[in-house]
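Quick look at my_file38.pdb (PDB, N, CA and C atoms):
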```
MODEL        1
ATOM      1  N   VAL F   1      50.957 -44.227 -25.113
ATOM      2  CA  VAL F   1      49.907 -44.323 -24.102
ATOM      3  C   VAL F   1      49.895 -43.026 -23.297
ATOM      4  N   GLU F   2      48.704 -42.453 -23.130
ATOM      5  CA  GLU F   2      48.588 -41.225 -22.344
ATOM      6  C   GLU F   2      47.298 -41.259 -21.546
ATOM      7  N   VAL F   3      47.242 -40.455 -20.488
ATOM      8  CA  VAL F   3      46.048 -40.380 -19.648
ATOM      9  C   VAL F   3      44.859 -39.977 -20.504
ATOM     10  N   GLY F   4      43.756 -40.717 -20.368
ATOM     11  CA  GLY F   4      42.551 -40.454 -21.137
ATOM     12  C   GLY F   4      42.389 -41.348 -22.344
ATOM     13  N   SER F   5      43.454 -42.056 -22.740
ATOM     14  CA  SER F   5      43.348 -42.912 -23.912
ATOM     15  C   SER F   5      42.714 -44.258 -23.541
ATOM     16  N   THR F   6      42.014 -44.836 -24.493
ATOM     17  CA  THR F   6      41.420 -46.158 -24.326
ATOM     18  C   THR F   6      42.445 -47.192 -24.750
ATOM     19  N   VAL F   7      42.606 -48.232 -23.934
ATOM     20  CA  VAL F   7      43.599 -49.264 -24.215
ATOM     21  C   VAL F   7      42.976 -50.644 -24.069
ATOM     22  N   GLU F   8      43.647 -51.615 -24.679
ATOM     23  CA  GLU F   8      43.270 -53.020 -24.516
ATOM     24  C   GLU F   8      44.488 -53.757 -23.984
ATOM     25  N   LEU F   9      44.315 -54.452 -22.860
ATOM     26  CA  LEU F   9      45.410 -55.224 -22.285
ATOM     27  C   LEU F   9      45.611 -56.497 -23.087
ATOM     28  N   LEU F  10      46.751 -57.132 -22.906
ATOM     29  CA  LEU F  10      47.069 -58.354 -23.637
ATOM     30  C   LEU F  10      46.038 -59.452 -23.389
ATOM     31  N   ASN F  11      45.367 -59.412 -22.219
ATOM     32  CA  ASN F  11      44.351 -60.428 -21.911
ATOM     33  C   ASN F  11      42.975 -60.071 -22.477
ATOM     34  N   GLY F  12      42.889 -58.983 -23.252
ATOM     35  CA  GLY F  12      41.630 -58.601 -23.879
ATOM     36  C   GLY F  12      40.785 -57.626 -23.095
ATOM     37  N   THR F  13      41.173 -57.334 -21.852
ATOM     38  CA  THR F  13      40.441 -56.390 -21.013
ATOM     39  C   THR F  13      40.649 -54.972 -21.540
ATOM     40  N   LYS F  14      39.575 -54.175 -21.574
ATOM     41  CA  LYS F  14      39.665 -52.808 -22.078
ATOM     42  C   LYS F  14      39.349 -51.798 -20.992
ATOM     43  N   GLY F  15      39.934 -50.609 -21.134
ATOM     44  CA  GLY F  15      39.681 -49.550 -20.174
ATOM     45  C   GLY F  15      40.297 -48.236 -20.608
ATOM     46  N   THR F  16      40.224 -47.274 -19.700
ATOM     47  CA  THR F  16      40.745 -45.931 -19.949
ATOM     48  C   THR F  16      41.910 -45.658 -19.012
ATOM     49  N   VAL F  17      43.007 -45.146 -19.562
ATOM     50  CA  VAL F  17      44.175 -44.806 -18.748
ATOM     51  C   VAL F  17      43.827 -43.618 -17.854
ATOM     52  N   ARG F  18      44.024 -43.768 -16.540
ATOM     53  CA  ARG F  18      43.732 -42.713 -15.575
ATOM     54  C   ARG F  18      44.967 -42.226 -14.818
ATOM     55  N   PHE F  19      46.066 -42.989 -14.898
ATOM     56  CA  PHE F  19      47.279 -42.627 -14.152
ATOM     57  C   PHE F  19      48.485 -43.209 -14.875
ATOM     58  N   ILE F  20      49.552 -42.427 -14.945
ATOM     59  CA  ILE F  20      50.847 -42.921 -15.418
ATOM     60  C   ILE F  20      51.907 -42.314 -14.514
ATOM     61  N   GLY F  21      52.707 -43.161 -13.881
ATOM     62  CA  GLY F  21      53.769 -42.633 -13.035
ATOM     63  C   GLY F  21      54.277 -43.634 -12.031
ATOM     64  N   GLU F  22      55.119 -43.139 -11.129
ATOM     65  CA  GLU F  22      55.680 -43.971 -10.082
ATOM     66  C   GLU F  22      54.679 -44.099  -8.942
ATOM     67  N   THR F  23      54.772 -45.201  -8.221
ATOM     68  CA  THR F  23      53.870 -45.487  -7.105
ATOM     69  C   THR F  23      54.677 -45.814  -5.858
ATOM     70  N   THR F  24      53.975 -45.922  -4.740
ATOM     71  CA  THR F  24      54.646 -46.327  -3.502
ATOM     72  C   THR F  24      54.635 -47.845  -3.323
ATOM     73  N   PHE F  25      53.824 -48.578  -4.119
ATOM     74  CA  PHE F  25      53.703 -50.028  -3.923
ATOM     75  C   PHE F  25      54.755 -50.837  -4.669
ATOM     76  N   ALA F  26      55.393 -50.254  -5.692
ATOM     77  CA  ALA F  26      56.443 -50.954  -6.435
ATOM     78  C   ALA F  26      57.235 -49.943  -7.255
ATOM     79  N   GLN F  27      58.495 -50.275  -7.538
ATOM     80  CA  GLN F  27      59.351 -49.369  -8.291
ATOM     81  C   GLN F  27      58.953 -49.323  -9.757
ATOM     82  N   GLY F  28      59.361 -48.267 -10.411
ATOM     83  CA  GLY F  28      59.136 -48.124 -11.838
ATOM     84  C   GLY F  28      57.847 -47.400 -12.163
ATOM     85  N   VAL F  29      57.590 -47.272 -13.441
ATOM     86  CA  VAL F  29      56.404 -46.572 -13.925
ATOM     87  C   VAL F  29      55.254 -47.561 -14.076
ATOM     88  N   TRP F  30      54.107 -47.188 -13.522
ATOM     89  CA  TRP F  30      52.889 -47.995 -13.597
ATOM     90  C   TRP F  30      51.815 -47.206 -14.323
ATOM     91  N   ILE F  31      50.930 -47.940 -14.988
ATOM     92  CA  ILE F  31      49.794 -47.342 -15.674
ATOM     93  C   ILE F  31      48.532 -47.792 -14.968
ATOM     94  N   GLY F  32      47.776 -46.824 -14.438
ATOM     95  CA  GLY F  32      46.514 -47.119 -13.773
ATOM     96  C   GLY F  32      45.383 -47.036 -14.773
ATOM     97  N   ILE F  33      44.578 -48.084 -14.828
ATOM     98  CA  ILE F  33      43.511 -48.169 -15.824
ATOM     99  C   ILE F  33      42.166 -48.361 -15.141
ATOM    100  N   GLU F  34      41.192 -47.562 -15.578
ATOM    101  CA  GLU F  34      39.804 -47.746 -15.165
ATOM    102  C   GLU F  34      39.154 -48.661 -16.195
ATOM    103  N   LEU F  35      38.836 -49.882 -15.775
ATOM    104  CA  LEU F  35      38.302 -50.877 -16.690
ATOM    105  C   LEU F  35      36.834 -50.618 -17.016
ATOM    106  N   PHE F  36      36.394 -51.126 -18.161
ATOM    107  CA  PHE F  36      34.994 -51.004 -18.568
ATOM    108  C   PHE F  36      34.114 -52.011 -17.832
ATOM    109  N   GLU F  37      34.703 -53.109 -17.353
ATOM    110  CA  GLU F  37      33.991 -54.148 -16.615
ATOM    111  C   GLU F  37      34.676 -54.325 -15.256
ATOM    112  N   PRO F  38      33.946 -54.833 -14.249
ATOM    113  CA  PRO F  38      34.534 -54.979 -12.902
ATOM    114  C   PRO F  38      35.461 -56.187 -12.783
ATOM    115  N   ASN F  39      36.514 -56.211 -13.596
ATOM    116  CA  ASN F  39      37.485 -57.303 -13.586
ATOM    117  C   ASN F  39      38.804 -56.891 -12.946
ATOM    118  N   GLY F  40      38.813 -55.753 -12.257
ATOM    119  CA  GLY F  40      40.049 -55.223 -11.707
ATOM    120  C   GLY F  40      40.356 -55.717 -10.311
ATOM    121  N   LYS F  41      41.303 -55.039  -9.678
ATOM    122  CA  LYS F  41      41.781 -55.449  -8.365
ATOM    123  C   LYS F  41      41.605 -54.376  -7.303
ATOM    124  N   ASN F  42      41.187 -53.148  -7.701
ATOM    125  CA  ASN F  42      41.104 -52.063  -6.728
ATOM    126  C   ASN F  42      40.163 -50.972  -7.217
ATOM    127  N   ASP F  43      40.137 -49.859  -6.474
ATOM    128  CA  ASP F  43      39.290 -48.704  -6.828
ATOM    129  C   ASP F  43      40.125 -47.492  -7.206
ATOM    130  N   GLY F  44      41.356 -47.758  -7.641
ATOM    131  CA  GLY F  44      42.277 -46.673  -7.975
ATOM    132  C   GLY F  44      43.231 -46.340  -6.848
ATOM    133  N   SER F  45      43.088 -47.043  -5.717
ATOM    134  CA  SER F  45      44.021 -46.847  -4.605
ATOM    135  C   SER F  45      44.661 -48.188  -4.257
ATOM    136  N   VAL F  46      45.907 -48.119  -3.781
ATOM    137  CA  VAL F  46      46.646 -49.304  -3.374
ATOM    138  C   VAL F  46      47.337 -48.994  -2.060
ATOM    139  N   GLN F  47      47.144 -49.856  -1.083
ATOM    140  CA  GLN F  47      47.772 -49.709   0.233
ATOM    141  C   GLN F  47      47.509 -48.329   0.832
ATOM    142  N   GLY F  48      46.277 -47.847   0.661
ATOM    143  CA  GLY F  48      45.863 -46.581   1.255
ATOM    144  C   GLY F  48      46.247 -45.329   0.490
ATOM    145  N   VAL F  49      46.914 -45.470  -0.645
ATOM    146  CA  VAL F  49      47.307 -44.317  -1.455
ATOM    147  C   VAL F  49      46.431 -44.275  -2.709
ATOM    148  N   ARG F  50      45.754 -43.142  -2.926
ATOM    149  CA  ARG F  50      44.869 -42.995  -4.089
ATOM    150  C   ARG F  50      45.632 -42.427  -5.270
ATOM    151  N   TYR F  51      45.511 -43.114  -6.409
ATOM    152  CA  TYR F  51      46.150 -42.686  -7.651
ATOM    153  C   TYR F  51      45.125 -42.177  -8.659
ATOM    154  N   PHE F  52      43.900 -42.709  -8.612
ATOM    155  CA  PHE F  52      42.784 -42.235  -9.422
ATOM    156  C   PHE F  52      41.498 -42.757  -8.807
ATOM    157  N   GLU F  53      40.370 -42.215  -9.245
ATOM    158  CA  GLU F  53      39.056 -42.578  -8.693
ATOM    159  C   GLU F  53      38.306 -43.494  -9.642
ATOM    160  N   THR F  54      37.790 -44.594  -9.122
ATOM    161  CA  THR F  54      36.868 -45.460  -9.849
ATOM    162  C   THR F  54      36.148 -46.330  -8.841
ATOM    163  N   GLN F  55      35.194 -47.109  -9.297
ATOM    164  CA  GLN F  55      34.453 -48.001  -8.416
ATOM    165  C   GLN F  55      35.317 -49.202  -8.052
ATOM    166  N   GLU F  56      34.985 -49.850  -6.937
ATOM    167  CA  GLU F  56      35.705 -51.044  -6.500
ATOM    168  C   GLU F  56      35.719 -52.090  -7.618
ATOM    169  N   ASN F  57      36.877 -52.695  -7.822
ATOM    170  CA  ASN F  57      37.124 -53.741  -8.825
ATOM    171  C   ASN F  57      37.145 -53.243 -10.269
ATOM    172  N   TYR F  58      37.124 -51.933 -10.476
ATOM    173  CA  TYR F  58      37.253 -51.383 -11.825
ATOM    174  C   TYR F  58      38.667 -50.859 -12.079
ATOM    175  N   GLY F  59      39.528 -50.878 -11.076
ATOM    176  CA  GLY F  59      40.885 -50.358 -11.227
ATOM    177  C   GLY F  59      41.922 -51.452 -11.304
ATOM    178  N   VAL F  60      42.940 -51.208 -12.110
ATOM    179  CA  VAL F  60      44.069 -52.127 -12.213
ATOM    180  C   VAL F  60      45.319 -51.326 -12.580
ATOM    181  N   PHE F  61      46.467 -51.791 -12.116
ATOM    182  CA  PHE F  61      47.745 -51.175 -12.454
ATOM    183  C   PHE F  61      48.567 -52.184 -13.239
ATOM    184  N   VAL F  62      49.125 -51.742 -14.361
ATOM    185  CA  VAL F  62      49.912 -52.627 -15.220
ATOM    186  C   VAL F  62      51.175 -51.911 -15.690
ATOM    187  N   ARG F  63      52.086 -52.682 -16.212
ATOM    188  CA  ARG F  63      53.250 -52.128 -16.896
ATOM    189  C   ARG F  63      52.853 -51.864 -18.348
ATOM    190  N   GLU F  64      53.542 -50.951 -19.009
ATOM    191  CA  GLU F  64      53.213 -50.646 -20.398
ATOM    192  C   GLU F  64      53.315 -51.883 -21.293
ATOM    193  N   SER F  65      54.179 -52.820 -20.924
ATOM    194  CA  SER F  65      54.347 -54.029 -21.727
ATOM    195  C   SER F  65      53.097 -54.917 -21.736
ATOM    196  N   GLN F  66      52.161 -54.672 -20.819
ATOM    197  CA  GLN F  66      50.934 -55.473 -20.749
ATOM    198  C   GLN F  66      49.795 -54.890 -21.591
ATOM    199  N   ILE F  67      50.094 -53.785 -22.287
ATOM    200  CA  ILE F  67      49.080 -53.136 -23.117
ATOM    201  C   ILE F  67      49.338 -53.459 -24.566
TER     202      ILE F  67
ENDMDL
END
```

Since I need it in another form, could you write the structure as structure tokens?
Amino acid sequence: VEVGSTVELLNGTKGTVRFIGETTFAQGVWIGIELFEPNGKNDGSVQGVRYFETQENYGVFVRESQI
């Protein structure tokens, strides 16, 4: 998995990887995905910290195991 690649989550949701790395909201490596449909939880920012840009509800952060 790399930034810019298209992925499908285990729940069938598809999107483009926009961020891979550590965050301030939880430990470990997270993958930020810009979804193709507005089924997400954010706009690429969490708790006031921006990790990538997208429209509201198009962003989601997952562990690699969820892809």

Distance criterion (only C-alpha atoms): nearest to Gly21 (chain F) out of F:Gln66, F:Asn57, F:Asn42, F:Glu2: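 Closest to Gly21 (chain F), using only C-alpha atoms: F:Glu2.
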
Distance query Phe36 (chain F) at most 6 Å, only N, CA and C atoms, self and fewer than 6 positions along chain excluded, as a list of chain:residue names: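 Once the nearby chain positions are removed, what remains is F:Lys14, F:Gly15, F:Thr16.
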
Restrict the selected residues to N, CA and C atoms and save them as an mmCIF file, in the frame of the given file.
```cif
data_model
loop_
_atom_site.group_PDB
_atom_site.id
_atom_site.type_symbol
_atom_site.label_atom_id
_atom_site.label_comp_id
_atom_site.auth_asym_id
_atom_site.auth_seq_id
_atom_site.Cartn_x
_atom_site.Cartn_y
_atom_site.Cartn_z
ATOM 1 N N LYS F 14 39.575 -54.175 -21.574
ATOM 2 C CA LYS F 14 39.665 -52.808 -22.078
ATOM 3 C C LYS F 14 39.349 -51.798 -20.992
ATOM 4 N N GLY F 15 39.934 -50.609 -21.134
ATOM 5 C CA GLY F 15 39.681 -49.550 -20.174
ATOM 6 C C GLY F 15 40.297 -48.236 -20.608
ATOM 7 N N THR F 16 40.224 -47.274 -19.700
ATOM 8 C CA THR F 16 40.745 -45.931 -19.949
ATOM 9 C C THR F 16 41.910 -45.658 -19.012
#
```

Region 9-18 of chain F, all listed atoms, 6 Å padding on each side: what axis-aligned box centre and edge lengths in Å to one decimal come out, as JSON?
```
{"center_x": 43.2, "center_y": -51.3, "center_z": -19.3, "size_x": 19.7, "size_y": 30.2, "size_z": 21.1}
```

Any chance you could work out the residue set of the PyMOL selection byres (((chain F and resi 10 and name CA) around 7) and name CA) here, as a tab-separated table (two decimals) with N, CA and C atoms, in the coordinates of the input?
```
chain	number	residue	atom	x	y	z
F	8	GLU	N	43.65	-51.62	-24.68
F	8	GLU	CA	43.27	-53.02	-24.52
F	8	GLU	C	44.49	-53.76	-23.98
F	9	LEU	N	44.32	-54.45	-22.86
F	9	LEU	CA	45.41	-55.22	-22.28
F	9	LEU	C	45.61	-56.50	-23.09
F	11	ASN	N	45.37	-59.41	-22.22
F	11	ASN	CA	44.35	-60.43	-21.91
F	11	ASN	C	42.98	-60.07	-22.48
F	12	GLY	N	42.89	-58.98	-23.25
F	12	GLY	CA	41.63	-58.60	-23.88
F	12	GLY	C	40.78	-57.63	-23.10
F	66	GLN	N	52.16	-54.67	-20.82
F	66	GLN	CA	50.93	-55.47	-20.75
F	66	GLN	C	49.80	-54.89	-21.59
F	67	ILE	N	50.09	-53.78	-22.29
F	67	ILE	CA	49.08	-53.14	-23.12
F	67	ILE	C	49.34	-53.46	-24.57
```

Residues matched by the PyMOL selection byres ((chain F and resi 63-65) around 6.5) as a PyMOL selection string: chain F and resi 29-31+61-62+66-67

Resolved residues for the PyMOL selection byres ((chain F and resi 18) around 8) as a PyMOL selection string: chain F and resi 2-5+15-17+19-21+31-34+51-53

Atoms to include: N, CA and C atoms. Write the selected residues as a PDB file, keeping the file's coordinate frame.
```pdb
ATOM      1  N   GLU F   2      48.704 -42.453 -23.130  1.00  0.00           N
ATOM      2  CA  GLU F   2      48.588 -41.225 -22.344  1.00  0.00           C
ATOM      3  C   GLU F   2      47.298 -41.259 -21.546  1.00  0.00           C
ATOM      4  N   VAL F   3      47.242 -40.455 -20.488  1.00  0.00           N
ATOM      5  CA  VAL F   3      46.048 -40.380 -19.648  1.00  0.00           C
ATOM      6  C   VAL F   3      44.859 -39.977 -20.504  1.00  0.00           C
ATOM      7  N   GLY F   4      43.756 -40.717 -20.368  1.00  0.00           N
ATOM      8  CA  GLY F   4      42.551 -40.454 -21.137  1.00  0.00           C
ATOM      9  C   GLY F   4      42.389 -41.348 -22.344  1.00  0.00           C
ATOM     10  N   SER F   5      43.454 -42.056 -22.740  1.00  0.00           N
ATOM     11  CA  SER F   5      43.348 -42.912 -23.912  1.00  0.00           C
ATOM     12  C   SER F   5      42.714 -44.258 -23.541  1.00  0.00           C
ATOM     13  N   GLY F  15      39.934 -50.609 -21.134  1.00  0.00           N
ATOM     14  CA  GLY F  15      39.681 -49.550 -20.174  1.00  0.00           C
ATOM     15  C   GLY F  15      40.297 -48.236 -20.608  1.00  0.00           C
ATOM     16  N   THR F  16      40.224 -47.274 -19.700  1.00  0.00           N
ATOM     17  CA  THR F  16      40.745 -45.931 -19.949  1.00  0.00           C
ATOM     18  C   THR F  16      41.910 -45.658 -19.012  1.00  0.00           C
ATOM     19  N   VAL F  17      43.007 -45.146 -19.562  1.00  0.00           N
ATOM     20  CA  VAL F  17      44.175 -44.806 -18.748  1.00  0.00           C
ATOM     21  C   VAL F  17      43.827 -43.618 -17.854  1.00  0.00           C
ATOM     22  N   PHE F  19      46.066 -42.989 -14.898  1.00  0.00           N
ATOM     23  CA  PHE F  19      47.279 -42.627 -14.152  1.00  0.00           C
ATOM     24  C   PHE F  19      48.485 -43.209 -14.875  1.00  0.00           C
ATOM     25  N   ILE F  20      49.552 -42.427 -14.945  1.00  0.00           N
ATOM     26  CA  ILE F  20      50.847 -42.921 -15.418  1.00  0.00           C
ATOM     27  C   ILE F  20      51.907 -42.314 -14.514  1.00  0.00           C
ATOM     28  N   GLY F  21      52.707 -43.161 -13.881  1.00  0.00           N
ATOM     29  CA  GLY F  21      53.769 -42.633 -13.035  1.00  0.00           C
ATOM     30  C   GLY F  21      54.277 -43.634 -12.031  1.00  0.00           C
ATOM     31  N   ILE F  31      50.930 -47.940 -14.988  1.00  0.00           N
ATOM     32  CA  ILE F  31      49.794 -47.342 -15.674  1.00  0.00           C
ATOM     33  C   ILE F  31      48.532 -47.792 -14.968  1.00  0.00           C
ATOM     34  N   GLY F  32      47.776 -46.824 -14.438  1.00  0.00           N
ATOM     35  CA  GLY F  32      46.514 -47.119 -13.773  1.00  0.00           C
ATOM     36  C   GLY F  32      45.383 -47.036 -14.773  1.00  0.00           C
ATOM     37  N   ILE F  33      44.578 -48.084 -14.828  1.00  0.00           N
ATOM     38  CA  ILE F  33      43.511 -48.169 -15.824  1.00  0.00           C
ATOM     39  C   ILE F  33      42.166 -48.361 -15.141  1.00  0.00           C
ATOM     40  N   GLU F  34      41.192 -47.562 -15.578  1.00  0.00           N
ATOM     41  CA  GLU F  34      39.804 -47.746 -15.165  1.00  0.00           C
ATOM     42  C   GLU F  34      39.154 -48.661 -16.195  1.00  0.00           C
ATOM     43  N   TYR F  51      45.511 -43.114  -6.409  1.00  0.00           N
ATOM     44  CA  TYR F  51      46.150 -42.686  -7.651  1.00  0.00           C
ATOM     45  C   TYR F  51      45.125 -42.177  -8.659  1.00  0.00           C
ATOM     46  N   PHE F  52      43.900 -42.709  -8.612  1.00  0.00           N
ATOM     47  CA  PHE F  52      42.784 -42.235  -9.422  1.00  0.00           C
ATOM     48  C   PHE F  52      41.498 -42.757  -8.807  1.00  0.00           C
ATOM     49  N   GLU F  53      40.370 -42.215  -9.245  1.00  0.00           N
ATOM     50  CA  GLU F  53      39.056 -42.578  -8.693  1.00  0.00           C
ATOM     51  C   GLU F  53      38.306 -43.494  -9.642  1.00  0.00           C
TER      52      GLU F  53
END
```

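Residue nearest Glu37 (chain F), chosen from F:Gln55, F:Thr6, F:Thr24, F:Val1 and counting only C-alpha atoms: F:Gln55.
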
Members of region 15-48 of chain F assigned strand (DSSP E or B) by DSSP, as a list in words: Gly15, Thr16, Val17, Arg18, Phe19, Ile20, Gly21, Glu22, Val29, Trp30, Ile31, Gly32, Ile33, Glu34, Leu35, Asn42, Ser45 and Val46 of chain F

Atom-to-atom span, CA of Asn39 (chain F) and atom C of Thr54 (chain F), Å: 12.0 Å

Atomic separation - CA of Leu35 (chain F) relative to atom N of Gly48 (chain F), Å: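 Taking atom N of Gly48 (chain F) as the start and CA of Leu35 (chain F) as the end point, the length is 19.3 Å.
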
Distance of atom N of Lys41 (chain F) from atom C of Glu22 (chain F), expressed in Å to one decimal place: 17.3 Å
